[in-house]
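Below is the file query36.csv, which contains CSV, C-alpha atoms.
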```
chain,number,residue,atom,x,y,z
A,1270,MET,CA,0.0,0.0,0.0
A,1271,GLU,CA,2.8,2.3,1.0
A,1272,HIS,CA,4.6,1.4,-2.2
A,1273,ALA,CA,1.5,2.4,-4.3
A,1274,THR,CA,1.2,5.7,-2.6
A,1275,THR,CA,4.9,6.5,-3.4
A,1276,LEU,CA,4.3,5.6,-7.1
A,1277,ASP,CA,1.2,7.9,-7.3
A,1278,HIS,CA,3.2,10.6,-5.8
A,1279,THR,CA,6.0,10.3,-8.3
A,1280,GLU,CA,3.5,10.4,-11.1
A,1281,ASP,CA,2.0,13.6,-9.8
A,1282,VAL,CA,5.4,15.2,-9.8
A,1283,TYR,CA,6.6,14.2,-13.2
A,1284,GLU,CA,3.5,13.7,-15.3
A,1285,PRO,CA,0.8,16.3,-14.9
A,1286,SER,CA,-2.7,14.6,-15.1
A,1287,LEU,CA,-4.5,14.6,-18.4
A,1288,THR,CA,-6.9,17.4,-18.9
A,1289,PRO,CA,-9.7,17.6,-21.6
A,1290,ASP,CA,-7.3,19.7,-23.7
A,1291,SER,CA,-4.4,17.4,-23.5
A,1292,LEU,CA,-6.6,14.3,-24.0
A,1293,GLY,CA,-7.8,15.7,-27.4
A,1294,LYS,CA,-4.2,16.4,-28.4
A,1295,LEU,CA,-3.1,13.0,-27.4
A,1296,GLY,CA,-5.9,11.5,-29.4
A,1297,MET,CA,-4.9,13.5,-32.5
A,1298,TRP,CA,-1.3,12.4,-32.0
A,1299,ILE,CA,-2.2,8.8,-31.8
A,1300,PHE,CA,-4.3,9.1,-35.0
A,1301,LEU,CA,-1.3,10.7,-36.7
A,1302,VAL,CA,1.0,7.9,-35.5
A,1303,GLY,CA,-1.3,5.4,-37.2
A,1304,ASP,CA,-1.5,7.6,-40.3
A,1305,THR,CA,2.3,7.7,-40.4
A,1306,MET,CA,2.3,3.9,-40.6
A,1307,SER,CA,-0.2,4.0,-43.6
A,1308,PHE,CA,1.9,6.5,-45.5
A,1309,GLY,CA,5.1,4.6,-44.4
A,1310,ALA,CA,3.7,1.3,-45.8
A,1311,LEU,CA,2.7,3.0,-49.1
A,1312,LEU,CA,6.1,4.6,-49.6
A,1313,ALA,CA,7.9,1.4,-48.6
A,1314,ALA,CA,5.8,-0.5,-51.2
A,1315,TYR,CA,6.7,2.1,-53.8
A,1316,ALA,CA,10.4,1.7,-52.9
A,1317,ALA,CA,10.2,-2.1,-53.1
A,1318,LEU,CA,8.5,-2.0,-56.5
A,1319,ARG,CA,11.0,0.5,-57.8
A,1320,ALA,CA,14.1,-1.2,-56.4
A,1321,GLY,CA,12.7,-4.5,-57.7
A,1322,ALA,CA,12.4,-3.1,-61.2
A,1323,GLY,CA,16.1,-2.0,-61.2
A,1324,ILE,CA,17.6,1.2,-62.6
A,1325,VAL,CA,16.7,0.4,-66.2
A,1326,GLY,CA,13.2,-0.8,-65.5
A,1327,TRP,CA,11.9,2.4,-64.0
A,1328,VAL,CA,11.7,5.7,-65.8
A,1329,PRO,CA,13.2,8.6,-63.7
A,1330,PRO,CA,9.9,10.2,-62.4
A,1331,SER,CA,11.4,13.7,-63.3
A,1332,GLU,CA,11.0,12.7,-67.0
A,1333,ILE,CA,7.2,12.3,-66.5
A,1334,LEU,CA,6.3,14.7,-63.7
A,1335,GLY,CA,6.7,18.4,-63.5
A,1336,ILE,CA,9.1,19.3,-60.7
A,1337,ASN,CA,8.5,23.1,-60.9
A,1338,LEU,CA,4.7,22.8,-60.3
A,1339,THR,CA,5.1,20.5,-57.4
A,1340,ALA,CA,7.9,22.5,-55.9
A,1341,GLY,CA,5.4,25.4,-56.0
A,1342,MET,CA,2.8,23.1,-54.3
A,1343,THR,CA,5.4,22.3,-51.6
A,1344,PHE,CA,6.0,26.0,-51.1
A,1345,LEU,CA,2.2,26.6,-50.9
A,1346,LEU,CA,1.7,24.0,-48.2
A,1347,ILE,CA,4.7,25.4,-46.2
A,1348,CYS,CA,3.0,28.8,-46.4
A,1349,SER,CA,-0.3,27.4,-45.2
A,1350,SER,CA,1.5,25.8,-42.3
A,1351,VAL,CA,2.9,29.2,-41.3
A,1352,THR,CA,-0.6,30.8,-41.5
A,1353,MET,CA,-1.9,27.9,-39.4
A,1354,VAL,CA,0.7,28.6,-36.6
A,1355,LYS,CA,-0.1,32.4,-36.9
A,1356,ALA,CA,-3.8,31.6,-36.4
A,1357,LEU,CA,-3.0,29.7,-33.2
A,1358,GLU,CA,-0.7,32.4,-32.1
A,1359,SER,CA,-3.5,35.0,-32.7
A,1360,ILE,CA,-6.1,33.2,-30.7
A,1361,GLN,CA,-3.7,32.5,-27.8
A,1362,GLY,CA,-3.3,36.3,-27.7
A,1363,GLY,CA,-7.1,36.7,-27.7
A,1364,ASN,CA,-7.4,38.1,-31.2
A,1365,VAL,CA,-10.4,36.3,-32.7
A,1366,SER,CA,-10.7,38.2,-36.0
A,1367,ARG,CA,-7.0,37.8,-36.8
A,1368,MET,CA,-7.3,34.0,-36.1
A,1369,CYS,CA,-10.3,33.8,-38.5
A,1370,LEU,CA,-8.2,35.7,-41.2
A,1371,PHE,CA,-5.3,33.3,-40.8
A,1372,LEU,CA,-7.6,30.2,-40.8
A,1373,GLY,CA,-9.2,31.5,-44.0
A,1374,LEU,CA,-5.7,31.9,-45.6
A,1375,THR,CA,-4.8,28.3,-44.5
A,1376,ILE,CA,-8.1,27.0,-46.1
A,1377,ALA,CA,-7.3,29.0,-49.2
A,1378,GLY,CA,-3.8,27.4,-49.4
A,1379,GLY,CA,-5.4,24.0,-49.1
A,1380,ILE,CA,-8.0,24.6,-51.8
A,1381,ILE,CA,-5.3,26.0,-54.2
A,1382,PHE,CA,-3.2,23.0,-53.5
A,1383,LEU,CA,-6.1,20.7,-54.4
A,1384,GLY,CA,-6.7,22.7,-57.5
A,1385,LEU,CA,-3.1,22.4,-58.6
A,1386,GLN,CA,-3.2,18.7,-57.9
A,1387,ALA,CA,-6.3,18.3,-60.0
A,1388,TYR,CA,-4.6,20.3,-62.8
A,1389,GLU,CA,-1.5,18.1,-62.5
A,1390,TRP,CA,-3.5,14.8,-62.6
A,1391,TYR,CA,-5.5,16.0,-65.6
A,1392,HIS,CA,-2.3,17.0,-67.4
A,1393,LEU,CA,-0.7,13.6,-66.6
A,1394,ILE,CA,-3.7,11.5,-67.6
A,1395,THR,CA,-4.1,13.3,-70.9
A,1396,HIS,CA,-0.4,12.7,-71.5
A,1397,GLY,CA,-0.8,9.0,-71.0
A,1398,LEU,CA,0.1,8.4,-67.3
A,1399,THR,CA,-2.7,6.1,-66.3
A,1400,LEU,CA,-3.3,3.2,-63.9
A,1401,THR,CA,-2.0,0.8,-66.6
A,1402,GLY,CA,0.4,2.8,-68.7
A,1403,ILE,CA,3.0,5.6,-68.9
A,1404,PRO,CA,3.8,8.2,-71.6
A,1405,ASP,CA,5.8,6.4,-74.2
A,1406,HIS,CA,7.6,9.3,-76.0
A,1407,GLY,CA,11.4,9.2,-75.7
A,1408,LEU,CA,11.5,6.2,-73.4
A,1409,SER,CA,13.5,3.0,-74.0
A,1410,GLY,CA,11.7,-0.3,-74.3
A,1411,ALA,CA,13.2,-1.7,-71.1
A,1412,ALA,CA,12.0,1.3,-69.2
A,1413,ILE,CA,8.4,0.9,-70.4
A,1414,SER,CA,8.1,-2.7,-69.4
A,1415,GLY,CA,9.0,-2.1,-65.8
A,1416,SER,CA,7.4,1.3,-65.3
A,1417,THR,CA,3.8,0.5,-65.8
A,1418,LEU,CA,3.6,0.2,-62.0
A,1419,PHE,CA,4.6,3.8,-61.7
A,1420,GLY,CA,1.1,5.1,-62.6
A,1421,PRO,CA,-0.9,3.1,-60.0
A,1422,THR,CA,1.6,3.7,-57.2
A,1423,PHE,CA,1.8,7.4,-58.1
A,1424,TYR,CA,-2.0,7.9,-58.0
A,1425,ALA,CA,-2.4,5.8,-54.9
A,1426,ILE,CA,0.1,7.8,-52.9
A,1427,THR,CA,-0.7,11.3,-54.1
A,1428,GLY,CA,-4.4,10.5,-54.1
A,1429,PHE,CA,-4.2,9.3,-50.4
A,1430,HIS,CA,-2.4,12.5,-49.6
A,1431,GLY,CA,-4.9,14.6,-51.5
A,1432,MET,CA,-7.8,13.0,-49.6
A,1433,HIS,CA,-6.0,14.0,-46.4
A,1434,VAL,CA,-5.8,17.6,-47.7
A,1435,THR,CA,-9.5,17.5,-48.6
A,1436,GLY,CA,-10.3,16.2,-45.1
A,1437,GLY,CA,-8.1,18.9,-43.6
A,1438,VAL,CA,-9.8,21.7,-45.5
A,1439,ILE,CA,-13.3,20.5,-44.3
A,1440,TYR,CA,-11.9,20.2,-40.7
A,1441,LEU,CA,-10.5,23.7,-41.0
A,1442,ILE,CA,-13.8,25.1,-42.3
A,1443,VAL,CA,-15.6,23.6,-39.3
A,1444,ILE,CA,-13.1,25.2,-36.9
A,1445,LEU,CA,-13.4,28.5,-38.8
A,1446,ILE,CA,-17.2,28.5,-38.5
A,1447,HIS,CA,-16.8,27.8,-34.7
A,1448,GLY,CA,-14.3,30.7,-34.6
A,1449,LEU,CA,-16.6,33.1,-36.4
A,1450,ARG,CA,-19.4,32.2,-33.9
A,1451,GLY,CA,-17.0,33.2,-31.1
A,1452,ARG,CA,-16.3,29.8,-29.6
A,1453,TYR,CA,-12.6,30.4,-29.1
A,1454,THR,CA,-10.9,32.7,-26.6
A,1455,ALA,CA,-7.4,33.3,-25.2
A,1456,GLU,CA,-8.2,30.6,-22.6
A,1457,PHE,CA,-10.2,28.1,-24.7
A,1458,ASN,CA,-8.4,27.3,-28.0
A,1459,HIS,CA,-7.1,23.7,-27.8
A,1460,GLU,CA,-9.3,22.8,-30.7
A,1461,VAL,CA,-7.5,25.2,-32.9
A,1462,GLU,CA,-4.2,23.7,-31.8
A,1463,ILE,CA,-5.5,20.2,-32.6
A,1464,VAL,CA,-6.6,21.1,-36.2
A,1465,GLY,CA,-3.1,22.7,-36.5
A,1466,LEU,CA,-1.5,19.3,-35.6
A,1467,TYR,CA,-3.4,17.6,-38.4
A,1468,TRP,CA,-2.6,20.3,-40.9
A,1469,HIS,CA,1.1,20.3,-40.2
A,1470,PHE,CA,1.1,16.6,-40.4
A,1471,VAL,CA,-0.4,16.8,-44.0
A,1472,ASP,CA,2.4,19.3,-44.8
A,1473,LEU,CA,5.0,17.0,-43.3
A,1474,ILE,CA,3.7,14.0,-45.3
A,1475,TRP,CA,3.8,16.1,-48.5
A,1476,ILE,CA,7.5,16.9,-47.9
A,1477,MET,CA,8.2,13.2,-47.8
A,1478,VAL,CA,6.0,12.4,-50.9
A,1479,PHE,CA,7.6,15.2,-52.8
A,1480,THR,CA,11.0,13.8,-52.1
A,1481,PHE,CA,10.3,10.1,-52.6
A,1482,ILE,CA,8.0,10.3,-55.6
A,1483,TYR,CA,9.1,13.5,-57.5
A,1484,LEU,CA,12.7,14.1,-56.7
A,1485,LEU,CA,14.3,10.7,-56.3
B,541,MET,CA,0.9,18.6,-22.1
B,542,ALA,CA,2.7,21.9,-22.8
B,543,GLN,CA,1.7,23.6,-19.6
B,544,ASP,CA,4.6,26.0,-19.4
B,545,GLY,CA,5.9,25.8,-22.9
B,546,HIS,CA,3.2,28.0,-24.5
B,547,LYS,CA,4.5,31.3,-23.4
B,548,GLU,CA,7.8,31.2,-25.4
B,549,HIS,CA,6.8,31.0,-29.1
B,550,PRO,CA,9.5,30.0,-31.6
B,551,LYS,CA,10.1,32.5,-34.3
B,552,TYR,CA,7.9,30.9,-36.9
B,553,MET,CA,9.1,33.1,-39.8
B,554,ASN,CA,12.7,31.8,-39.2
B,555,ILE,CA,11.4,28.3,-39.5
B,556,PHE,CA,9.6,29.3,-42.7
B,557,TRP,CA,12.8,30.6,-44.3
B,558,TRP,CA,14.7,27.5,-43.3
B,559,LEU,CA,12.0,25.3,-44.9
B,560,LEU,CA,12.0,27.4,-48.0
B,561,ALA,CA,15.8,27.3,-48.2
B,562,LEU,CA,15.9,23.5,-47.7
B,563,THR,CA,13.2,23.1,-50.5
B,564,ILE,CA,15.3,25.1,-52.9
B,565,ILE,CA,18.4,23.1,-52.0
B,566,GLU,CA,16.5,19.9,-52.5
B,567,VAL,CA,15.4,20.8,-56.0
B,568,ALA,CA,18.9,22.0,-56.8
B,569,VAL,CA,20.3,18.7,-55.6
B,570,ALA,CA,17.7,16.6,-57.5
B,571,ILE,CA,18.1,18.1,-61.0
B,572,PRO,CA,21.7,17.3,-62.0
B,573,GLU,CA,22.7,13.7,-62.9
B,574,TYR,CA,25.2,12.0,-60.6
B,575,ALA,CA,25.6,8.9,-58.4
B,576,VAL,CA,22.1,7.6,-57.5
B,577,VAL,CA,23.0,6.5,-54.0
B,578,LEU,CA,24.6,9.9,-53.1
B,579,LYS,CA,21.6,11.7,-54.5
B,580,ALA,CA,19.2,9.5,-52.5
B,581,ILE,CA,21.2,10.0,-49.2
B,582,LEU,CA,21.2,13.8,-49.7
B,583,LEU,CA,17.5,14.1,-50.6
B,584,ILE,CA,16.3,11.8,-47.8
B,585,GLY,CA,18.5,13.7,-45.4
B,586,LEU,CA,17.1,17.0,-46.5
B,587,ALA,CA,13.5,15.7,-46.4
B,588,CYS,CA,14.0,14.3,-42.9
B,589,GLY,CA,15.4,17.7,-41.8
B,590,LYS,CA,12.4,19.5,-43.1
B,591,ALA,CA,10.0,17.0,-41.5
B,592,ALA,CA,11.8,17.4,-38.2
B,593,LEU,CA,11.5,21.2,-38.4
B,594,VAL,CA,7.8,21.0,-39.0
B,595,ALA,CA,7.3,18.5,-36.2
B,596,ILE,CA,9.5,20.2,-33.6
B,597,TYR,CA,8.4,23.8,-34.1
B,598,PHE,CA,5.1,23.9,-35.9
B,599,MET,CA,3.7,20.9,-34.1
B,600,HIS,CA,5.3,22.1,-30.8
B,601,LEU,CA,6.9,18.8,-30.1
B,602,LYS,CA,9.8,20.7,-28.5
B,603,PHE,CA,7.5,22.0,-25.9
B,604,GLU,CA,5.7,18.7,-25.1
B,605,ARG,CA,6.6,16.2,-22.6
B,606,LYS,CA,9.3,13.7,-23.7
B,607,THR,CA,6.9,10.7,-23.6
B,608,LEU,CA,4.9,12.1,-26.6
B,609,ALA,CA,8.1,12.5,-28.6
B,610,ALA,CA,8.8,8.8,-27.9
B,611,ILE,CA,5.2,7.9,-29.1
B,612,VAL,CA,5.7,9.9,-32.3
B,613,LEU,CA,9.1,8.5,-33.1
B,614,THR,CA,7.9,4.9,-32.9
B,615,PRO,CA,6.2,4.6,-36.3
B,616,PHE,CA,9.2,6.1,-38.0
B,617,ILE,CA,11.4,3.5,-36.4
B,618,ILE,CA,8.9,0.8,-37.5
B,619,CYS,CA,9.0,2.2,-41.0
B,620,VAL,CA,12.8,1.9,-41.1
B,621,PHE,CA,12.4,-1.7,-39.9
B,622,LEU,CA,9.8,-2.3,-42.7
B,623,VAL,CA,12.3,-1.1,-45.3
B,624,ILE,CA,15.1,-3.2,-43.8
B,625,MET,CA,12.9,-6.3,-43.8
B,626,LEU,CA,12.0,-5.7,-47.5
B,627,MET,CA,15.7,-5.5,-48.4
B,628,PRO,CA,16.1,-9.1,-49.5
B,629,ASP,CA,13.4,-8.6,-52.1
B,630,LEU,CA,14.8,-5.3,-53.3
B,631,THR,CA,17.9,-6.5,-55.0
B,632,PHE,CA,18.1,-6.5,-58.8
B,633,ASP,CA,19.7,-10.0,-58.8
B,634,ALA,CA,16.7,-11.6,-57.1
B,635,ARG,CA,14.5,-10.3,-60.0
B,636,LEU,CA,16.9,-11.6,-62.7
B,637,ASP,CA,16.9,-15.1,-61.1
B,638,GLY,CA,13.1,-15.1,-61.2
B,639,ILE,CA,13.0,-14.2,-64.9
B,640,GLU,CA,15.8,-16.4,-66.2
B,641,LYS,CA,14.5,-19.7,-64.8
B,642,PRO,CA,11.2,-19.9,-66.7
B,643,ALA,CA,13.0,-18.8,-69.9
B,644,GLU,CA,15.3,-21.8,-69.7
B,645,VAL,CA,12.3,-24.1,-69.3
B,646,VAL,CA,10.7,-22.7,-72.5
B,647,ASP,CA,14.0,-23.2,-74.4
B,648,THR,CA,14.3,-26.9,-73.6
B,649,SER,CA,10.7,-27.8,-74.4
B,650,SER,CA,10.8,-26.2,-77.8
B,651,HIS,CA,13.9,-28.1,-79.0
```

What does this structure look like when you write it as structure tokens?
Amino acid sequence: MEHATTLDHTEDVYEPSLTPDSLGKLGMWIFLVGDTMSFGALLAAYAALRAGAGIVGWVPPSEILGINLTAGMTFLLICSSVTMVKALESIQGGNVSRMCLFLGLTIAGGIIFLGLQAYEWYHLITHGLTLTGIPDHGLSGAAISGSTLFGPTFYAITGFHGMHVTGGVIYLIVILIHGLRGRYTAEFNHEVEIVGLYWHFVDLIWIMVFTFIYLL
Amino acid sequence: MAQDGHKEHPKYMNIFWWLLALTIIEVAVAIPEYAVVLKAILLIGLACGKAALVAIYFMHLKFERKTLAAIVLTPFIICVFLVIMLMPDLTFDARLDGIEKPAEVVDTSSH
């Protein structure tokens, strides 16, 4: 009994008890940990297929994809992450209208990102990158035979990420509506922080996708 | 979580400039043609650096308790293990073995 009391005491000193705020945050973090595994599995599968095809069996993605457009999309997501932290900073200082402005900018960043991705997909599909084939101009025969797997893996991974951005935009709009109705104050704002965690995670994943799919 | 950390905000614009610079370096590293392995190491290193900046500063991991950082690092370690376990299947030789054997069978039956 005495032992148990000592343990409880140590816990009180080193680990502050969970509050509703920190529970929500812990929940989001655990979801993000699971999501990391999903993306990790997809990227590992991509790496396995590509390495299995060998150097001659896989067209360098930069020959099919436009690096400039997606570098711009990366920049856009980084900017929207900055507006997201600015929104949280604003509400922690009690400035509701400034928070709503920055949340709106974050949502705009997300929507423009989705628009650019739709444009990119449309461009790629019309140029022959589909679930079963790749553009054939200027490519050697060996490359074509191995690279038909590029299309499905590319659309699966960027599509999965795009769905996350879509979900994030909807989530942000819900938080913005709450904010406009005056739900958040300098004291009560953990929900803004939690949506921020999700949004930064989507940004973080895009950094990885951009490197592994587009640049490598 | 983050009971006392919230007062001291990092300078978010500094992080933004770092991320922007790393993105430009990444694209500059990716475009020229040179050794694939060196390129892969450079690009993955830069990407991990950017991801770490986002997680540590934007997601406030720096100001959370250490237990959370341990939870967050776990899936990344598992992903590294996943890649290591896939390694035996990743080699080019394994694929060639698989292709050559059926070809020999076809040759003998036709003669």

*Within 7 Å of chain B, which residues of chain A are there when counting only C-alpha atoms? Please give them as an MDAnalysis selection string.*
chainID A and resid 1291 1302 1305:1306 1309 1313 1317 1320:1321 1323 1344 1351 1354 1466 1469 1473 1476:1477 1480 1484:1485

*So what do you get for CA of Asn1337 in chain A versus CA of Ser1307 in chain A, distance-wise?*
27.2 Å

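Between CA of Leu1398 in chain A and CA of Phe1423 in chain A the separation is 9.4 Å.
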
*Could you state the separation of CA of Thr1395 in chain A and CA of Thr1343 in chain A in Å, given to one decimal place?*
23.3 Å

*Selection: 9 Å around Ile1333 in chain A, all atoms listed in the file, excl. self and same-chain fewer than 2 positions, as a list in words*: Val1328, Pro1329, Pro1330, Ser1331, Gly1335, Leu1393, Leu1398, Ile1403 and Pro1404 of chain A

Just-selected residues, C-alpha atoms written as a JSON list (two decimals), in the frame of the given file:
```json
[["chain", "number", "residue", "atom", "x", "y", "z"],
["A", 1328, "VAL", "CA", 11.70, 5.70, -65.80],
["A", 1329, "PRO", "CA", 13.20, 8.60, -63.70],
["A", 1330, "PRO", "CA", 9.90, 10.20, -62.40],
["A", 1331, "SER", "CA", 11.40, 13.70, -63.30],
["A", 1335, "GLY", "CA", 6.70, 18.40, -63.50],
["A", 1393, "LEU", "CA", -0.70, 13.60, -66.60],
["A", 1398, "LEU", "CA", 0.10, 8.40, -67.30],
["A", 1403, "ILE", "CA", 3.00, 5.60, -68.90],
["A", 1404, "PRO", "CA", 3.80, 8.20, -71.60]]
```

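Using all atoms listed in the file for every distance, the candidate list A:His1430, A:Gln1361, A:Ala1377, A:Lys1294 yields A:His1430 as the residue closest to Asp1472 in chain A.
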
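Minimum atom-to-atom distance to Ile1381 in chain A, evaluated using all atoms listed in the file, belongs to A:Val1438 out of A:Ser1359, A:Gly1402, A:Val1365, A:Val1438.
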